[in-house]
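Pasted below: upload-v8.txt, compact mmCIF, C-alpha atoms and all ligand atoms.
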```txt
# COMPACT_ATOMS: atom_id res chain seq x y z
CA MET A 1 -6.20 -39.29 0.93
CA LYS A 2 -3.39 -38.86 3.40
CA VAL A 3 -2.71 -35.21 4.16
CA GLY A 4 0.59 -34.70 5.93
CA GLY A 5 0.71 -32.76 9.13
CA SER A 6 3.63 -31.11 7.35
CA VAL A 7 0.98 -29.53 5.11
CA LEU A 8 -1.95 -28.79 7.43
CA ALA A 9 -0.32 -28.42 10.82
CA SER A 10 3.18 -27.03 10.60
CA PRO A 11 1.89 -24.64 11.93
CA PRO A 12 -1.91 -25.16 11.70
CA ASN A 13 -2.89 -23.25 8.57
CA PRO A 14 -6.47 -21.88 8.41
CA GLU A 15 -6.24 -20.96 4.72
CA LEU A 16 -5.19 -24.48 3.72
CA ILE A 17 -7.64 -26.17 6.07
CA ARG A 18 -10.40 -24.09 4.44
CA LYS A 19 -9.18 -25.10 0.95
CA TYR A 20 -9.12 -28.78 1.93
CA ALA A 21 -12.62 -28.50 3.36
CA ASP A 22 -13.80 -27.01 0.03
CA LEU A 23 -12.00 -29.71 -1.95
CA ILE A 24 -13.55 -32.46 0.15
CA GLY A 25 -17.01 -30.89 -0.31
CA ASP A 26 -16.45 -30.72 -4.09
CA LEU A 27 -15.32 -34.34 -4.30
CA ARG A 28 -18.32 -35.45 -2.30
CA ALA A 29 -20.64 -33.44 -4.55
CA LYS A 30 -19.09 -35.25 -7.53
CA GLY A 31 -20.00 -38.55 -5.90
CA TYR A 32 -16.61 -39.69 -4.66
CA GLU A 33 -16.44 -41.63 -1.41
CA ILE A 34 -13.40 -40.37 0.35
CA ALA A 35 -11.36 -41.07 3.47
CA ILE A 36 -8.99 -38.39 4.70
CA ILE A 37 -6.25 -39.27 7.17
CA VAL A 38 -4.32 -36.36 8.59
CA GLY A 39 -1.01 -36.28 10.41
CA GLY A 40 0.13 -34.16 13.31
CA GLY A 41 3.15 -32.48 11.70
CA ARG A 42 5.37 -30.10 13.62
CA LEU A 43 2.88 -29.77 16.46
CA ALA A 44 2.94 -33.55 17.01
CA ARG A 45 6.74 -33.51 16.97
CA GLU A 46 6.77 -30.70 19.54
CA PHE A 47 4.70 -32.90 21.84
CA ILE A 48 6.96 -35.88 21.14
CA GLY A 49 9.95 -33.68 22.12
CA LEU A 50 8.18 -32.50 25.25
CA ALA A 51 7.31 -36.06 26.26
CA HIS A 52 10.86 -37.18 25.53
CA ASP A 53 12.30 -34.38 27.70
CA LEU A 54 9.95 -35.42 30.49
CA GLY A 55 11.31 -38.96 30.28
CA LEU A 56 8.04 -40.40 28.99
CA SER A 57 8.19 -43.63 27.03
CA GLU A 58 8.13 -44.02 23.26
CA ARG A 59 4.59 -45.33 23.52
CA GLU A 60 3.53 -42.24 25.45
CA GLN A 61 5.25 -40.02 22.86
CA ASP A 62 3.27 -41.80 20.13
CA GLU A 63 0.01 -41.42 22.09
CA LEU A 64 0.51 -37.66 22.34
CA ALA A 65 1.31 -37.38 18.63
CA ILE A 66 -1.85 -39.38 17.86
CA SER A 67 -3.90 -36.92 19.95
CA VAL A 68 -2.47 -34.03 17.94
CA SER A 69 -3.30 -35.74 14.61
CA ARG A 70 -6.85 -36.34 15.87
CA LEU A 71 -7.15 -32.70 16.85
CA ILE A 72 -6.21 -31.58 13.34
CA ALA A 73 -8.63 -34.16 11.92
CA GLN A 74 -11.34 -32.80 14.22
CA VAL A 75 -10.81 -29.22 13.05
CA LEU A 76 -11.05 -30.30 9.40
CA ALA A 77 -14.08 -32.50 10.10
CA MET A 78 -15.90 -29.66 11.87
CA LYS A 79 -15.12 -27.30 9.00
CA VAL A 80 -16.52 -29.81 6.49
CA GLY A 81 -19.47 -31.20 8.40
CA GLY A 82 -20.11 -28.94 11.41
CA TYR A 83 -20.51 -29.93 15.03
CA ASP A 84 -22.12 -33.27 14.17
CA TRP A 85 -18.81 -34.39 12.74
CA ARG A 86 -16.77 -33.62 15.86
CA ASP A 87 -16.25 -37.28 16.76
CA VAL A 88 -13.18 -38.49 14.93
CA PRO A 89 -13.07 -42.30 14.53
CA THR A 90 -10.25 -43.95 16.42
CA THR A 91 -10.26 -47.39 14.82
CA ILE A 92 -10.22 -48.71 11.25
CA GLU A 93 -13.55 -50.48 11.84
CA ASP A 94 -15.27 -47.28 13.01
CA ALA A 95 -13.73 -45.31 10.16
CA ALA A 96 -15.03 -47.83 7.61
CA LYS A 97 -18.48 -47.60 9.22
CA VAL A 98 -18.54 -43.79 9.03
CA LEU A 99 -17.33 -43.92 5.43
CA ASN A 100 -20.10 -46.32 4.59
CA GLU A 101 -22.75 -44.15 6.25
CA ARG A 102 -21.58 -40.69 5.21
CA GLY A 103 -19.43 -41.21 2.15
CA ILE A 104 -16.65 -39.33 3.92
CA VAL A 105 -14.49 -40.00 6.92
CA ILE A 106 -11.80 -37.80 8.42
CA MET A 107 -9.41 -39.22 11.02
CA GLY A 108 -5.92 -39.09 12.48
CA GLY A 109 -3.78 -41.78 14.10
CA ILE A 110 -5.07 -45.01 15.61
CA LYS A 111 -2.42 -46.66 17.76
CA PRO A 112 1.22 -46.34 18.87
CA GLY A 113 3.97 -47.88 16.80
CA MET A 114 2.83 -46.67 13.39
CA THR A 115 2.29 -43.51 11.37
CA THR A 116 -0.72 -42.08 9.60
CA ASP A 117 0.64 -43.46 6.28
CA THR A 118 -0.04 -46.91 7.70
CA VAL A 119 -3.46 -45.84 8.96
CA ALA A 120 -4.26 -44.74 5.39
CA ALA A 121 -2.96 -48.04 3.99
CA LEU A 122 -4.96 -50.10 6.52
CA LEU A 123 -8.17 -48.21 5.84
CA ALA A 124 -7.64 -48.35 2.07
CA SER A 125 -7.18 -52.08 2.38
CA GLU A 126 -10.26 -52.47 4.60
CA VAL A 127 -12.57 -50.55 2.25
CA LYS A 128 -10.86 -51.88 -0.90
CA ALA A 129 -9.84 -48.45 -2.15
CA SER A 130 -7.99 -48.44 -5.44
CA ILE A 131 -5.81 -45.42 -4.78
CA ILE A 132 -4.26 -43.32 -2.02
CA ILE A 133 -3.20 -39.78 -2.71
CA LYS A 134 -0.53 -38.62 -0.31
CA ALA A 135 -0.45 -34.84 -0.01
CA THR A 136 2.92 -33.87 1.36
CA ASP A 137 5.40 -30.99 1.59
CA GLN A 138 7.41 -32.07 -1.50
CA ASP A 139 6.50 -32.22 -5.19
CA GLY A 140 6.85 -36.01 -5.12
CA ILE A 141 9.54 -38.57 -4.41
CA TYR A 142 13.13 -37.65 -5.17
CA THR A 143 16.25 -39.73 -5.78
CA LYS A 144 17.52 -38.31 -2.46
CA ASP A 145 16.35 -35.77 0.12
CA PRO A 146 15.82 -32.55 -1.91
CA ARG A 147 16.17 -30.44 1.24
CA LYS A 148 19.74 -31.67 1.67
CA TYR A 149 20.86 -32.38 -1.89
CA PRO A 150 20.25 -29.75 -4.61
CA ASP A 151 21.03 -32.35 -7.31
CA ALA A 152 18.17 -34.61 -6.15
CA LYS A 153 15.85 -35.48 -9.06
CA LYS A 154 12.09 -35.99 -8.90
CA ILE A 155 10.91 -39.45 -9.91
CA ASP A 156 7.70 -39.50 -11.98
CA GLU A 157 6.86 -43.16 -11.53
CA LEU A 158 8.33 -46.07 -9.59
CA SER A 159 7.48 -49.50 -8.27
CA PHE A 160 7.08 -50.42 -4.61
CA ASP A 161 10.28 -52.49 -4.93
CA ASP A 162 12.21 -49.43 -6.13
CA LEU A 163 10.72 -47.39 -3.33
CA GLU A 164 11.94 -49.76 -0.64
CA GLY A 165 15.49 -49.12 -1.82
CA LEU A 166 15.02 -45.39 -1.15
CA LEU A 167 13.77 -45.77 2.42
CA THR A 168 16.42 -45.46 5.09
CA GLU A 169 14.72 -46.51 8.33
CA SER A 170 12.68 -49.68 8.67
CA ARG A 171 11.93 -49.59 12.41
CA HIS A 172 9.27 -47.32 13.93
CA ARG A 173 10.19 -44.52 16.32
CA ALA A 174 7.99 -41.66 17.51
CA GLY A 175 7.99 -38.81 15.01
CA ILE A 176 9.85 -40.77 12.32
CA HIS A 177 9.82 -38.78 9.05
CA GLN A 178 10.31 -40.62 5.77
CA ILE A 179 8.86 -40.23 2.29
CA ILE A 180 6.47 -43.09 3.07
CA ASP A 181 6.32 -45.32 6.10
CA PRO A 182 7.80 -48.76 5.14
CA GLU A 183 4.92 -50.49 6.96
CA ALA A 184 2.48 -48.70 4.68
CA VAL A 185 4.54 -49.68 1.63
CA LYS A 186 4.26 -53.37 2.61
CA ILE A 187 0.46 -53.18 2.83
CA LEU A 188 0.07 -51.22 -0.41
CA ARG A 189 2.30 -53.62 -2.31
CA GLU A 190 0.51 -56.68 -0.99
CA LYS A 191 -2.96 -55.30 -1.69
CA ARG A 192 -1.94 -53.67 -4.98
CA ILE A 193 -3.13 -50.22 -3.96
CA LYS A 194 -1.63 -47.46 -6.06
CA MET A 195 -0.26 -44.32 -4.38
CA ILE A 196 0.31 -40.89 -5.85
CA VAL A 197 2.51 -38.48 -3.88
CA VAL A 198 1.75 -34.82 -4.62
CA ASN A 199 2.54 -31.42 -3.18
CA GLY A 200 -0.26 -30.79 -0.69
CA PHE A 201 0.31 -27.06 -0.41
CA ARG A 202 -1.68 -26.82 -3.66
CA PRO A 203 -4.83 -28.86 -2.95
CA GLU A 204 -5.81 -28.62 -6.63
CA ASN A 205 -3.02 -31.17 -7.23
CA ILE A 206 -5.27 -33.76 -5.64
CA LEU A 207 -7.99 -33.13 -8.21
CA LEU A 208 -5.41 -33.31 -10.99
CA ALA A 209 -4.12 -36.63 -9.65
CA ILE A 210 -7.64 -38.05 -9.37
CA ASN A 211 -8.32 -36.99 -12.96
CA GLY A 212 -5.29 -38.89 -14.18
CA ALA A 213 -2.88 -35.99 -14.80
CA ARG A 214 0.80 -36.90 -14.63
CA ILE A 215 1.66 -35.09 -11.45
CA GLY A 216 3.84 -35.85 -8.45
CA THR A 217 5.13 -39.40 -8.20
CA ILE A 218 3.04 -42.45 -9.02
CA ILE A 219 3.92 -45.64 -7.15
CA CYS A 220 2.40 -48.89 -8.37
P1 LIG B 1 2.76 -38.95 11.13
O1 LIG B 1 4.25 -38.99 10.97
O2 LIG B 1 1.97 -39.92 10.41
O3 LIG B 1 2.23 -37.50 10.82
O4 LIG B 1 2.41 -39.05 12.65
P2 LIG B 1 2.70 -36.39 9.81
O5 LIG B 1 3.20 -35.29 10.64
O6 LIG B 1 1.59 -36.15 8.92
O7 LIG B 1 3.87 -36.94 8.96
P3 LIG B 1 4.23 -36.53 7.48
O8 LIG B 1 3.95 -35.08 7.31
O9 LIG B 1 3.41 -37.41 6.56
O10 LIG B 1 5.67 -36.93 7.48
C1 LIG B 1 3.17 -38.35 13.62
C2 LIG B 1 3.58 -39.30 14.70
O11 LIG B 1 2.42 -39.73 15.42
C3 LIG B 1 2.60 -41.04 15.91
C4 LIG B 1 4.00 -41.45 15.47
O12 LIG B 1 4.92 -41.09 16.49
C5 LIG B 1 4.22 -40.59 14.24
O13 LIG B 1 5.59 -40.45 13.93
N1 LIG B 1 1.52 -41.92 15.39
C6 LIG B 1 0.71 -41.52 14.35
C7 LIG B 1 1.30 -43.15 15.98
O14 LIG B 1 2.02 -43.56 16.90
N2 LIG B 1 0.24 -43.93 15.54
C8 LIG B 1 -0.58 -43.54 14.54
O15 LIG B 1 -1.53 -44.29 14.20
C9 LIG B 1 -0.32 -42.32 13.92
```
What does this structure look like when you write it as structure tokens?
Ligand code: UTP
Amino acid sequence: MKVGGSVLASPPNPELIRKYADLIGDLRAKGYEIAIIVGGGRLAREFIGLAHDLGLSEREQDELAISVSRLIAQVLAMKVGGYDWRDVPTTIEDAAKVLNERGIVIMGGIKPGMTTDTVAALLASEVKASIIIKATDQDGIYTKDPRKYPDAKKIDELSFDDLEGLLTESRHRAGIHQIIDPEAVKILREKRIKMIVVNGFRPENILLAINGARIGTIIC
């Protein structure tokens, strides 16, 4: 599961963090093994702006955004598992190890030059996950940006090829905001990992998606 910082951290939202913690507990109780990758949202972008204004490099801007995503991951991890879960993994290998041991892992970013979508895709590929649910601030993927164009239409299902046509930026920059990071799309297509994009402000959507309901946008 990739939970956008746009959902959990723009601004940090205790009510939603609590609901996600409950959802994760429920999924675990049902026997699911689950990896949760969280983004840094508005807070991360504020730090990117601060670093930019200070003349810090793109890499340094990314590093700060990663720290913010890890902080949000740490809050969620503590809420789910208590103090013992305070150490958020910082590599794919460590994350896979924690997932193997605990059945759950919660993490943020891993290294500059990517986004947490790609972290989710890399981890999914490493642990051979069959599906990623991306919880974001929109109801799914639209024909164009619904915040700018009122006539934008939600797409129920599309292929990774179709998706590439909708993405506008292919090169990484700190704080880049697209429906899905094109790097992640490449990995998911190659490894045939399905993604469902749902509105993360209603965490119950994640359960619905897992149970096969037609919700959000399915990419496969
Ligand atoms: P994301 O863009 O992945 O977080 O990371 P987000 O706020 O959840 O995004 P939405 O809500 O899905 O759109 C924020 C920034 O952190 C840096 C990048 O600058 C990225 O744009 N980052 C994140 C990295 O450099 N490496 C990582 O592994 C993760």
Expected selection as an MDAnalysis selection string for ligand LIG 1 (chain B) within 6 Å, only C-alpha atoms and all ligand atoms:
chainID A and resid 4:6 38:41 44 62:63 65:66 109:117 119 174:177
Residue neighbourhood Val105 of chain A, 7 Å, only C-alpha atoms, exclusion window fewer than 6 positions, as a PyMOL selection string
chain A and resi 34-36+95+98-99
My list of candidates is A:Phe201, A:Phe160, A:Tyr20, A:Tyr142. Which is closest to Ala184 of chain A when distances are computed with only C-alpha atoms?
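Comparing A:Phe201, A:Phe160, A:Tyr20, A:Tyr142 against Ala184 of chain A, the winner is A:Phe160.
With all atoms listed in the file as the atoms that count, the minimum distance from Ile218 of chain A to the choices A:Ala73, A:Leu167, A:Ile141, A:Leu188 is reached by A:Ile141.
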Could you check which of A:Leu163, A:Ile187, A:Ile179, A:Leu158 is closest to Cys220 of chain A, using only C-alpha atoms?
A:Leu158
8 Å contact set for Gly200 of chain A, all atoms listed in the file, chain neighbours under 5 positions out, as a PDB file with C-alpha atoms, keeping the file's coordinate frame:
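Final file, part-v7.pdb:
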```pdb
ATOM      1  CA  VAL A   3      -2.710 -35.210   4.160  1.00  0.00           C
ATOM      2  CA  GLY A   4       0.590 -34.700   5.930  1.00  0.00           C
ATOM      3  CA  VAL A   7       0.980 -29.530   5.110  1.00  0.00           C
ATOM      4  CA  LYS A 134      -0.530 -38.620  -0.310  1.00  0.00           C
ATOM      5  CA  ALA A 135      -0.450 -34.840  -0.010  1.00  0.00           C
ATOM      6  CA  THR A 136       2.920 -33.870   1.360  1.00  0.00           C
ATOM      7  CA  ASP A 137       5.400 -30.990   1.590  1.00  0.00           C
ATOM      8  CA  GLN A 138       7.410 -32.070  -1.500  1.00  0.00           C
ATOM      9  CA  ASN A 205      -3.020 -31.170  -7.230  1.00  0.00           C
ATOM     10  CA  ILE A 206      -5.270 -33.760  -5.640  1.00  0.00           C
TER      11      ILE A 206
END
```
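Restricting the calculation to all atoms listed in the file, the smallest distance between Leu71 of chain A and any of A:Leu56, A:Ile210, A:Val88, A:Ile131 is found for A:Val88.
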Looking at all atoms listed in the file, which of A:Ala77, A:Met107, A:Ala129, A:Ile193 is the one that sits closest to Thr90 of chain A?
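Ranking A:Ala77, A:Met107, A:Ala129, A:Ile193 by distance to Thr90 of chain A, first place goes to A:Met107.
Going from atom CA of Ser125 of chain A over to atom CA of Gly31 of chain A, you cover 20.4 Å.
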As an exercise, work out the distance from atom CA of Pro89 of chain A to atom CA of Gly103 of chain A in Å and give it to one decimal place.
14.0 Å
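The residue that comes closest to Ile48 of chain A, out of A:Arg173, A:Pro11, A:Lys148, A:Lys2 and on the basis of only C-alpha atoms, is A:Arg173.
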Length of the atom CA of Val198 of chain A to atom CA of Glu157 of chain A vector [Å]:
12.0 Å
Write out as a list of chain:residue names each polymer residue whose atoms come within 12 Å of Glu204 of chain A, counting only C-alpha atoms; drop sequence neighbours fewer than 6 positions from it.
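So, after excluding close chain neighbours, the residues are A:Leu16, A:Lys19, A:Tyr20, A:Asp22, A:Leu23, A:Ile24, A:Asp26, A:Leu27, A:Ala135, A:Val198, A:Ile210, A:Asn211, A:Ala213, A:Ile215.
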Please list as a count of residues only every residue within 10 Å of Lys186 of chain A, counting all atoms listed in the file and excluding residues in the same chain fewer than 3 positions away.
12
Would you pick out the contacts of Leu76 of chain A at 8 Å or less, using all atoms listed in the file, so that residues sharing its chain but fewer than 4 positions from it are not included, and give the list as a list in words?
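Counting only the stated atoms, we get Ile17, Arg18, Tyr20, Ala21, Ile72, Val80 and Ile106 of chain A.
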Any chance you can output those residues with C-alpha atoms as a CSV table (one decimal), keeping the file's coordinate frame?
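For reference, out32.csv as written:
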```csv
chain,number,residue,atom,x,y,z
A,17,ILE,CA,-7.6,-26.2,6.1
A,18,ARG,CA,-10.4,-24.1,4.4
A,20,TYR,CA,-9.1,-28.8,1.9
A,21,ALA,CA,-12.6,-28.5,3.4
A,72,ILE,CA,-6.2,-31.6,13.3
A,80,VAL,CA,-16.5,-29.8,6.5
A,106,ILE,CA,-11.8,-37.8,8.4
```
